[in-house]
file entry_27.cif (mmCIF, C-alpha atoms and all ligand atoms)
data_my_file
#
loop_
_atom_site.label_atom_id
_atom_site.label_comp_id
_atom_site.auth_asym_id
_atom_site.auth_seq_id
_atom_site.Cartn_x
_atom_site.Cartn_y
_atom_site.Cartn_z
CA MET A 186 -86.75 -66.71 -72.12
CA ALA A 187 -86.54 -69.65 -69.76
CA LYS A 188 -89.53 -71.30 -68.13
CA LEU A 189 -89.44 -70.29 -64.47
CA ILE A 190 -89.66 -73.28 -62.12
CA ASP A 191 -91.81 -71.99 -59.27
CA GLY A 192 -90.61 -73.72 -56.10
CA LYS A 193 -92.99 -71.73 -53.92
CA ALA A 194 -96.06 -72.98 -55.81
CA ILE A 195 -94.78 -76.56 -56.11
CA SER A 196 -93.88 -76.63 -52.42
CA ALA A 197 -97.34 -75.32 -51.47
CA ALA A 198 -98.98 -78.04 -53.60
CA LEU A 199 -96.86 -80.74 -51.95
CA ARG A 200 -97.54 -79.40 -48.44
CA SER A 201 -101.26 -79.36 -49.07
CA GLU A 202 -101.10 -83.01 -50.25
CA ILE A 203 -99.25 -83.83 -47.01
CA ALA A 204 -101.81 -81.92 -44.89
CA ALA A 205 -104.61 -83.94 -46.50
CA GLU A 206 -102.83 -87.21 -45.61
CA VAL A 207 -102.29 -85.97 -42.05
CA THR A 208 -106.03 -85.34 -41.71
CA GLU A 209 -106.63 -89.00 -42.63
CA LEU A 210 -103.87 -90.25 -40.28
CA LYS A 211 -105.33 -88.27 -37.39
CA LYS A 212 -108.61 -90.16 -37.85
CA LYS A 213 -106.56 -93.28 -37.03
CA GLY A 214 -105.18 -91.56 -33.92
CA ILE A 215 -101.74 -90.83 -35.40
CA THR A 216 -100.19 -87.37 -35.38
CA PRO A 217 -96.76 -87.24 -37.07
CA GLY A 218 -94.19 -85.78 -34.66
CA LEU A 219 -90.95 -84.03 -35.60
CA ALA A 220 -88.30 -83.00 -33.07
CA VAL A 221 -85.78 -80.39 -34.14
CA ILE A 222 -82.69 -79.89 -31.98
CA LEU A 223 -80.98 -76.52 -32.13
CA VAL A 224 -77.70 -76.13 -30.29
CA GLY A 225 -76.43 -72.57 -29.76
CA GLU A 226 -77.70 -69.30 -31.17
CA ASP A 227 -76.59 -69.08 -34.78
CA PRO A 228 -79.12 -66.64 -36.35
CA ALA A 229 -79.34 -68.47 -39.70
CA SER A 230 -79.97 -71.79 -37.93
CA GLN A 231 -82.59 -70.12 -35.71
CA THR A 232 -84.42 -68.92 -38.84
CA TYR A 233 -84.26 -72.36 -40.51
CA VAL A 234 -85.55 -74.06 -37.36
CA ARG A 235 -88.36 -71.53 -36.94
CA ASN A 236 -89.44 -72.16 -40.54
CA LYS A 237 -89.45 -75.92 -39.94
CA GLN A 238 -91.62 -75.43 -36.86
CA LYS A 239 -94.04 -73.23 -38.83
CA ALA A 240 -94.26 -75.84 -41.60
CA CYS A 241 -95.07 -78.53 -39.00
CA GLU A 242 -97.97 -76.48 -37.68
CA GLU A 243 -99.24 -75.79 -41.18
CA VAL A 244 -99.44 -79.47 -42.19
CA GLY A 245 -100.85 -80.57 -38.82
CA PHE A 246 -97.77 -82.24 -37.31
CA HIS A 247 -96.67 -82.12 -33.71
CA GLY A 248 -93.48 -80.04 -33.97
CA GLU A 249 -91.12 -79.90 -31.03
CA GLN A 250 -88.15 -77.59 -30.85
CA ILE A 251 -85.39 -78.44 -28.40
CA ASN A 252 -83.07 -75.50 -27.74
CA LEU A 253 -79.77 -76.33 -26.11
CA PRO A 254 -77.05 -73.87 -25.09
CA ALA A 255 -73.79 -73.68 -27.06
CA THR A 256 -72.08 -75.02 -23.92
CA THR A 257 -73.89 -78.40 -24.25
CA THR A 258 -71.46 -81.31 -24.10
CA GLN A 259 -71.31 -84.09 -26.67
CA GLU A 260 -72.64 -86.58 -24.12
CA GLU A 261 -75.56 -84.30 -23.14
CA LEU A 262 -76.49 -83.91 -26.80
CA LEU A 263 -76.32 -87.65 -27.42
CA ALA A 264 -78.51 -88.23 -24.35
CA VAL A 265 -81.18 -85.91 -25.83
CA VAL A 266 -81.05 -87.87 -29.11
CA ARG A 267 -81.39 -91.18 -27.28
CA GLU A 268 -84.43 -89.90 -25.37
CA LEU A 269 -86.07 -88.83 -28.63
CA ASN A 270 -85.22 -92.21 -30.22
CA ALA A 271 -87.21 -93.88 -27.45
CA ARG A 272 -90.33 -91.70 -27.72
CA THR A 273 -93.27 -93.13 -29.68
CA ASP A 274 -94.87 -89.71 -30.32
CA ILE A 275 -91.74 -88.49 -32.15
CA HIS A 276 -91.31 -90.05 -35.58
CA GLY A 277 -88.62 -87.78 -37.01
CA ILE A 278 -85.50 -86.28 -35.43
CA LEU A 279 -83.35 -83.57 -36.94
CA CYS A 280 -80.35 -81.89 -35.37
CA GLN A 281 -79.74 -78.57 -37.09
CA LEU A 282 -76.23 -78.33 -38.53
CA PRO A 283 -73.65 -76.93 -38.26
CA LEU A 284 -73.11 -77.58 -34.56
CA PRO A 285 -71.09 -75.16 -32.40
CA CYS A 286 -67.34 -75.79 -32.10
CA GLY A 287 -66.42 -78.81 -30.03
CA LEU A 288 -69.45 -80.89 -31.00
CA ASP A 289 -69.09 -83.62 -33.58
CA ASP A 290 -71.81 -83.77 -36.28
CA SER A 291 -70.98 -87.32 -37.24
CA LEU A 292 -71.50 -88.71 -33.71
CA VAL A 293 -74.93 -87.06 -33.51
CA ILE A 294 -75.98 -88.30 -36.95
CA ALA A 295 -74.84 -91.82 -36.05
CA ALA A 296 -76.86 -91.70 -32.79
CA ILE A 297 -80.20 -90.92 -34.48
CA ASP A 298 -82.34 -94.01 -35.03
CA PRO A 299 -82.14 -94.54 -38.82
CA LYS A 300 -85.94 -95.01 -38.87
CA LYS A 301 -86.31 -91.46 -37.46
CA ASP A 302 -83.51 -89.92 -39.54
CA VAL A 303 -85.68 -87.63 -41.67
CA ASP A 304 -82.58 -85.82 -43.00
CA ALA A 305 -81.33 -89.17 -44.43
CA PHE A 306 -77.83 -88.35 -43.18
CA HIS A 307 -77.24 -91.60 -41.22
CA ALA A 308 -74.78 -93.98 -42.93
CA GLU A 309 -77.48 -96.66 -43.07
CA ASN A 310 -79.80 -94.35 -45.02
CA VAL A 311 -76.94 -93.11 -47.22
CA GLY A 312 -76.23 -96.77 -48.01
CA HIS A 313 -79.86 -97.32 -49.01
CA ILE A 314 -79.62 -94.34 -51.37
CA MET A 315 -76.55 -95.91 -53.02
CA ILE A 316 -78.46 -99.17 -53.50
CA GLY A 317 -81.62 -97.36 -54.59
CA ASP A 318 -84.04 -98.88 -52.06
CA GLN A 319 -84.24 -95.83 -49.81
CA GLN A 320 -87.10 -94.98 -47.43
CA PHE A 321 -86.00 -91.39 -46.93
CA LEU A 322 -84.40 -89.11 -49.45
CA PRO A 323 -82.22 -86.23 -48.31
CA CYS A 324 -84.50 -83.19 -48.36
CA THR A 325 -82.71 -80.82 -50.73
CA PRO A 326 -81.85 -83.30 -53.52
CA ALA A 327 -85.32 -84.85 -53.20
CA GLY A 328 -86.79 -81.36 -53.46
CA VAL A 329 -84.85 -80.82 -56.69
CA MET A 330 -86.22 -84.11 -58.09
CA GLU A 331 -89.76 -83.04 -57.18
CA LEU A 332 -89.22 -79.74 -59.05
CA ILE A 333 -87.94 -81.64 -62.09
CA HIS A 334 -90.85 -84.14 -62.02
CA ARG A 335 -93.58 -81.57 -61.50
CA SER A 336 -92.13 -79.42 -64.29
CA GLU A 337 -92.27 -82.49 -66.57
CA ILE A 338 -88.57 -82.43 -67.35
CA ALA A 339 -87.31 -85.88 -68.35
CA VAL A 340 -84.03 -87.09 -66.84
CA GLU A 341 -83.55 -90.35 -68.71
CA GLY A 342 -80.60 -90.24 -71.10
CA LYS A 343 -79.87 -86.60 -70.30
CA HIS A 344 -76.43 -85.35 -69.36
CA CYS A 345 -76.79 -84.10 -65.79
CA VAL A 346 -73.94 -82.08 -64.33
CA VAL A 347 -73.86 -81.50 -60.57
CA ILE A 348 -71.46 -78.83 -59.32
CA GLY A 349 -70.59 -79.65 -55.70
CA ARG A 350 -69.85 -82.94 -53.93
CA SER A 351 -71.15 -82.42 -50.39
CA ASN A 352 -72.70 -85.32 -48.49
CA ILE A 353 -75.87 -83.25 -47.99
CA VAL A 354 -76.47 -82.16 -51.59
CA GLY A 355 -73.97 -82.98 -54.35
CA LYS A 356 -73.38 -86.69 -53.78
CA PRO A 357 -77.01 -87.73 -53.11
CA MET A 358 -78.17 -85.43 -55.93
CA ALA A 359 -75.97 -87.33 -58.35
CA MET A 360 -77.36 -90.66 -57.11
CA LEU A 361 -80.98 -89.60 -57.54
CA LEU A 362 -80.33 -88.38 -61.09
CA LEU A 363 -78.53 -91.65 -61.82
CA GLN A 364 -81.48 -93.65 -60.44
CA GLU A 365 -83.62 -91.96 -63.09
CA ASN A 366 -81.18 -92.96 -65.83
CA GLY A 367 -79.43 -89.63 -66.23
CA THR A 368 -75.79 -89.64 -67.34
CA VAL A 369 -74.22 -87.90 -64.39
CA THR A 370 -71.03 -85.90 -63.97
CA ILE A 371 -70.02 -84.49 -60.57
CA CYS A 372 -67.82 -81.39 -60.69
CA HIS A 373 -65.92 -79.83 -57.81
CA SER A 374 -63.20 -77.34 -56.99
CA ARG A 375 -60.50 -79.47 -58.66
CA THR A 376 -62.42 -80.10 -61.90
CA ARG A 377 -60.48 -79.04 -64.99
CA ASP A 378 -62.27 -76.97 -67.64
CA LEU A 379 -65.34 -76.62 -65.44
CA ALA A 380 -67.12 -74.25 -67.87
CA GLN A 381 -66.63 -76.69 -70.73
CA VAL A 382 -68.03 -79.61 -68.67
CA CYS A 383 -71.03 -77.55 -67.50
CA ARG A 384 -71.75 -76.47 -71.08
CA GLN A 385 -72.46 -80.11 -71.94
CA ALA A 386 -75.25 -80.32 -69.37
CA ASP A 387 -78.88 -80.79 -70.32
CA ILE A 388 -79.61 -80.47 -66.60
CA LEU A 389 -77.18 -78.38 -64.56
CA VAL A 390 -77.44 -78.41 -60.75
CA ALA A 391 -75.39 -75.78 -58.92
CA ALA A 392 -74.61 -76.55 -55.28
CA VAL A 393 -71.34 -74.72 -54.74
CA GLY A 394 -72.21 -72.09 -52.15
CA ARG A 395 -70.67 -69.21 -54.13
CA ALA A 396 -72.73 -66.22 -55.26
CA LYS A 397 -73.35 -66.08 -59.03
CA PHE A 398 -70.72 -68.76 -59.70
CA VAL A 399 -72.49 -70.13 -62.79
CA THR A 400 -72.15 -67.65 -65.62
CA ALA A 401 -73.73 -67.55 -69.08
CA ASP A 402 -70.72 -69.15 -70.78
CA MET A 403 -71.23 -72.29 -68.62
CA VAL A 404 -74.76 -72.99 -69.84
CA LYS A 405 -75.89 -74.76 -73.00
CA PRO A 406 -78.83 -73.02 -74.72
CA GLY A 407 -82.09 -74.66 -73.62
CA ALA A 408 -80.59 -76.40 -70.56
CA THR A 409 -82.50 -76.83 -67.29
CA VAL A 410 -80.64 -74.91 -64.56
CA ILE A 411 -81.32 -75.75 -60.92
CA ASP A 412 -79.84 -73.39 -58.34
CA VAL A 413 -79.37 -74.85 -54.84
CA GLY A 414 -77.32 -71.90 -53.55
CA ILE A 415 -78.41 -69.40 -50.91
CA ASN A 416 -75.85 -66.60 -50.79
CA ARG A 417 -75.61 -62.84 -50.39
CA ASP A 418 -74.34 -60.76 -53.29
CA GLU A 419 -72.01 -57.74 -53.07
CA ASN A 420 -75.01 -55.59 -52.00
CA GLY A 421 -76.15 -58.03 -49.33
CA LYS A 422 -79.08 -59.20 -51.47
CA LEU A 423 -80.09 -62.88 -51.42
CA CYS A 424 -78.84 -64.69 -54.51
CA GLY A 425 -78.07 -68.18 -55.72
CA ASP A 426 -75.03 -69.93 -57.19
CA VAL A 427 -76.25 -68.94 -60.66
CA ASP A 428 -75.97 -65.49 -62.22
CA PHE A 429 -79.71 -65.48 -62.85
CA ALA A 430 -79.90 -62.31 -64.99
CA ALA A 431 -77.21 -63.57 -67.37
CA VAL A 432 -78.27 -67.25 -67.50
CA GLU A 433 -82.07 -66.89 -67.66
CA PRO A 434 -82.15 -65.72 -71.32
CA ILE A 435 -80.12 -68.80 -72.36
CA ALA A 436 -81.67 -71.56 -70.23
CA GLY A 437 -84.73 -73.59 -71.16
CA ALA A 438 -85.94 -73.71 -67.56
CA ILE A 439 -84.47 -72.21 -64.39
CA THR A 440 -85.17 -71.98 -60.65
CA PRO A 441 -85.09 -68.53 -59.05
CA VAL A 442 -83.47 -67.68 -55.69
CA PRO A 443 -85.40 -67.11 -53.53
CA GLY A 444 -88.47 -69.15 -54.46
CA GLY A 445 -86.86 -72.14 -56.17
CA VAL A 446 -85.19 -75.02 -54.34
CA GLY A 447 -85.37 -73.37 -50.87
CA PRO A 448 -89.10 -73.88 -50.23
CA MET A 449 -88.83 -77.49 -51.43
CA THR A 450 -86.36 -78.57 -48.74
CA ILE A 451 -88.84 -78.01 -45.93
CA ALA A 452 -91.70 -79.61 -47.89
CA LEU A 453 -89.57 -82.76 -48.33
CA LEU A 454 -88.74 -82.74 -44.62
CA MET A 455 -92.49 -82.82 -43.96
CA LYS A 456 -92.87 -85.66 -46.48
CA ASN A 457 -90.10 -87.68 -44.80
CA THR A 458 -91.68 -87.14 -41.38
CA LEU A 459 -95.04 -88.31 -42.72
CA THR A 460 -93.37 -91.42 -44.19
CA ALA A 461 -91.61 -92.07 -40.86
CA ALA A 462 -94.89 -91.78 -38.93
CA LYS A 463 -96.63 -94.20 -41.31
CA GLN A 464 -93.75 -96.69 -41.13
CA GLN A 465 -93.55 -96.60 -37.35
CA ASN A 466 -97.27 -97.34 -37.22
CA GLY A 467 -97.04 -100.24 -39.67
CA LEU A 468 -98.93 -98.40 -42.41
CA VAL A 469 -96.31 -98.76 -45.19
N1 LIG A 501 -78.27 -77.22 -41.99
C1 LIG A 501 -78.43 -76.76 -43.26
N2 LIG A 501 -79.19 -77.60 -43.98
C2 LIG A 501 -79.53 -78.62 -43.16
C3 LIG A 501 -80.33 -79.78 -43.33
O1 LIG A 501 -80.88 -80.07 -44.40
N3 LIG A 501 -80.45 -80.56 -42.23
C4 LIG A 501 -79.84 -80.28 -41.05
N4 LIG A 501 -80.02 -81.13 -40.04
N5 LIG A 501 -79.10 -79.21 -40.86
C5 LIG A 501 -78.95 -78.38 -41.92
#
call {"tool": "encode", "arguments": {"input": "entry_27.cif", "output": "structure tokens"}}
result
Amino acid sequence: MAKLIDGKAISAALRSEIAAEVTELKKKGITPGLAVILVGEDPASQTYVRNKQKACEEVGFHGEQINLPATTTQEELLAVVRELNARTDIHGILCQLPLPCGLDDSLVIAAIDPKKDVDAFHAENVGHIMIGDQQFLPCTPAGVMELIHRSEIAVEGKHCVVIGRSNIVGKPMAMLLLQENGTVTICHSRTRDLAQVCRQADILVAAVGRAKFVTADMVKPGATVIDVGINRDENGKLCGDVDFAAVEPIAGAITPVPGGVGPMTIALLMKNTLTAAKQQNGLV
């Protein structure tokens, strides 16, 4: 039986550490501020944004949600970003992705002041991650690292296999594991003998976006299995990229879905916003 990595509990611990720091910052007259831009009415995005707003309230931040209609033009959206860049009470800016058709993600990401880019999606912040002197870490991969650290799983010298090469998860995930001296392999849809490569992993991170993609034959006995996926199975039930029932008896440690990586992403967003607020007030 695998050790269950409890993302809900670890996220709650991290958020309470952040709340304690916010209490101290407020004594200095600083309230961290996060602005979240939501364009259009995608229900999943609405839920994510609502959860971010709730998390802001819980840790004592000023959270501001900016709802724009799906008909917003690129220039109007960029103007909103520029206004937020100029505000001193807003330390972090996040534009919920994906954007409705006709709007270009990359132009919006490029317009966000890198110092306020709490997603760490701006090319300048991505560059810092490559060099290893980053201020912000992208929330989901950083959340995975926090789970690994707080579960006392060593990365150094381990074979880490990341399935998925997205800019948001797979690529930065690989860099963070590499920074901790893991031996990293990135797999993707064109990888040959995927199961055989995954079976070599001491730490396997699944970020494919396909329900129950990782099956028991892809997992080495005793491996740590981290599931980044949020999917629906054939019955409409929430499930990850890993076939949990089949893999759990083989793995050494595993994250559940829900309650694994998911709760960590928002906690790391709060952490990045706190860091941004401290930096913009000359405290780090
Ligand atoms: N959409 C899904 N995940 C994310 C994320 O981490 N950041 C942003 N901005 N949009 C997302």
call {"tool": "closest_atom_pairs", "arguments": {"input": "entry_27.cif", "of": "range 434-465 of chain A", "to": "range 386-394 of chain A", "cutoff": "10 Å", "atoms": "only C-alpha atoms", "output": "tab-separated table"}}
result
residue	atom	partner	partner_atom	distance
A:Ala436	CA	A:Asp387	CA	9.6
A:Gly437	CA	A:Asp387	CA	9.3
A:Ala438	CA	A:Ile388	CA	9.3
A:Ile439	CA	A:Leu389	CA	9.6
call {"tool": "residues_near_point", "arguments": {"input": "entry_27.cif", "point": "(-72.2, -84.8, -39.6)", "cutoff": "12 Å", "atoms": "all atoms listed in the file", "output": "number ranges by chain"}}
result
A: 279-284, 288-297, 304-308, 351-353
call {"tool": "residues_around", "arguments": {"input": "entry_27.cif", "residues": "range 373-378 of chain A", "least_positions_apart": "4", "cutoff": "9 Å", "atoms": "all atoms listed in the file", "output": "list in words"}}
result
Val347, Ile348, Gly349, Arg350, Val382, Cys383 and Val393 of chain A
call {"tool": "axis_aligned_box", "arguments": {"input": "entry_27.cif", "around": "ligand LIG 501 (chain A)", "padding_each_side": "6 Å", "output": "lines of an AutoDock Vina configuration file"}}
result
center_x = -79.6
center_y = -78.9
center_z = -42.2
size_x = 14.6
size_y = 16.4
size_z = 16.4
call {"tool": "closest_residue", "arguments": {"input": "entry_27.cif", "among": "A:Ile371, A:Val224, A:Cys324, A:Met360", "to": "ligand LIG 501 (chain A)", "atoms": "all atoms listed in the file"}}
result
A:Cys324
